[in-house]
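**Q** One structure coming up, written as structure tokens, with questions to follow.
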Amino acid sequence: MKVIVLCCSALLCSISAFAQVWSLDKGHSKISFMVTHHMISEVDGYFRKFDAKMTSTKDDFSDAVFELTAETASINTENERRDNDLKGENFFDAANKPTMTFKSTSFKKVGKSKYKMNGDLTIKGITKPVSLDVTMVGPEPNPNNKKPAVGIKAVGTINRKDFGLGASMPSALVSEEVELKATGELQKN
């Protein structure tokens, strides 16, 4: 039995040794969203504090796994009153639910530099599957340190009420549909 456990451990260690981890360059990345206000104008915002990484064992990224965490209290719409409302219990409840997370479950190439990413988004403790359209450029050597880097843009749409965001807020005031956009650079460790 000991031999089986040791063999399994050695196999898992050797597999993880080949995994490539790509870390986020936060200075060239942004997590943002957009909603329609009063059915006539768009209001956007972003999260100031977030982190992400990509792990892959294949050079073509066909088995890539993306993980993202954002601090809900770091939300910024350039309007302090609105930001405080969004941090409150009716929306993100940042005091009790300080983070939102995303972890991909699949990443498939659908065209040149185009991918479809599915994953689980968790906001306020509610996890729902989401689908994102991804454009990935690279890998290319980073001019500053010559490490391989990729550029990524992921876009998709969620229904805010699915996550308990502003459940009492009428959709005529703020759209239920929220457009998501994540852009950034990831560098191979």
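Chain lettering (A, B, ...) mirrors the order of the structure tokens, residue numbering begins at 1 for each chain separately, and ligand numbering begins at 1 in order of display.
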Do you know which residues are at most 7 Å from range 42-59 of chain A counting only C-alpha atoms, after dropping those on the same chain fewer than 3 positions away, and could you put them as a PyMOL selection string?

**A** chain A and resi 18-24+31-37+62-71+74-77

**Q** In range 40-144 of chain A, what's strand (DSSP E) per DSSP? Answer as a count of residues only?

**A** 62

**Q** Within range 88-174 of chain A, find each residue whose DSSP state, derived from the backbone, is helix (DSSP H, G or I), and express the selection as an mmCIF file with N, CA and C atoms, in the first residue's frame.

**A**
data_model
loop_
_atom_site.group_PDB
_atom_site.id
_atom_site.type_symbol
_atom_site.label_atom_id
_atom_site.label_comp_id
_atom_site.auth_asym_id
_atom_site.auth_seq_id
_atom_site.Cartn_x
_atom_site.Cartn_y
_atom_site.Cartn_z
ATOM 1 N N ARG A 160 -27.161 40.412 -13.150
ATOM 2 C CA ARG A 160 -26.779 40.798 -11.789
ATOM 3 C C ARG A 160 -27.679 40.148 -10.738
ATOM 4 N N LYS A 161 -28.945 39.924 -11.079
ATOM 5 C CA LYS A 161 -29.878 39.355 -10.102
ATOM 6 C C LYS A 161 -29.574 37.885 -9.816
ATOM 7 N N ASP A 162 -28.915 37.197 -10.765
ATOM 8 C CA ASP A 162 -28.501 35.817 -10.523
ATOM 9 C C ASP A 162 -27.541 35.717 -9.343
ATOM 10 N N PHE A 163 -26.834 36.807 -9.060
ATOM 11 C CA PHE A 163 -25.844 36.840 -7.987
ATOM 12 C C PHE A 163 -26.313 37.660 -6.788
#

**Q** Between CA of Met169 in chain A and CA of Thr183 in chain A, measure the distance and give it in Å to one decimal.

**A**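 If I compute the distance from CA of Met169 in chain A to CA of Thr183 in chain A, I get 28.6 Å.
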
**Q** What is the distance, in Å and to one decimal place, between CA of Ala94 in chain A and CA of His28 in chain A?

**A**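 These two atoms are separated by 25.2 Å.
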
**Q** Given the choices A:Glu185, A:Asp85, A:Glu179, A:Glu78, which gets closest to Val137 in chain A if the distance is worked out from only C-alpha atoms?

**A** A:Glu185

**Q** Enter the distance from CA of Lys188 in chain A to CA of Pro148 in chain A, in Å, rounded to one decimal.

**A**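 Answer for the CA of Lys188 in chain A to CA of Pro148 in chain A separation: 5.6 Å.
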
**Q** Name the closest residue to Lys112 in chain A among the candidates A:Leu132, A:Ser41, A:Asp60, A:Asn159; distances are taken between atoms, counting only C-alpha atoms.

**A**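 For Lys112 in chain A, the nearest of the given residues is A:Asp60.
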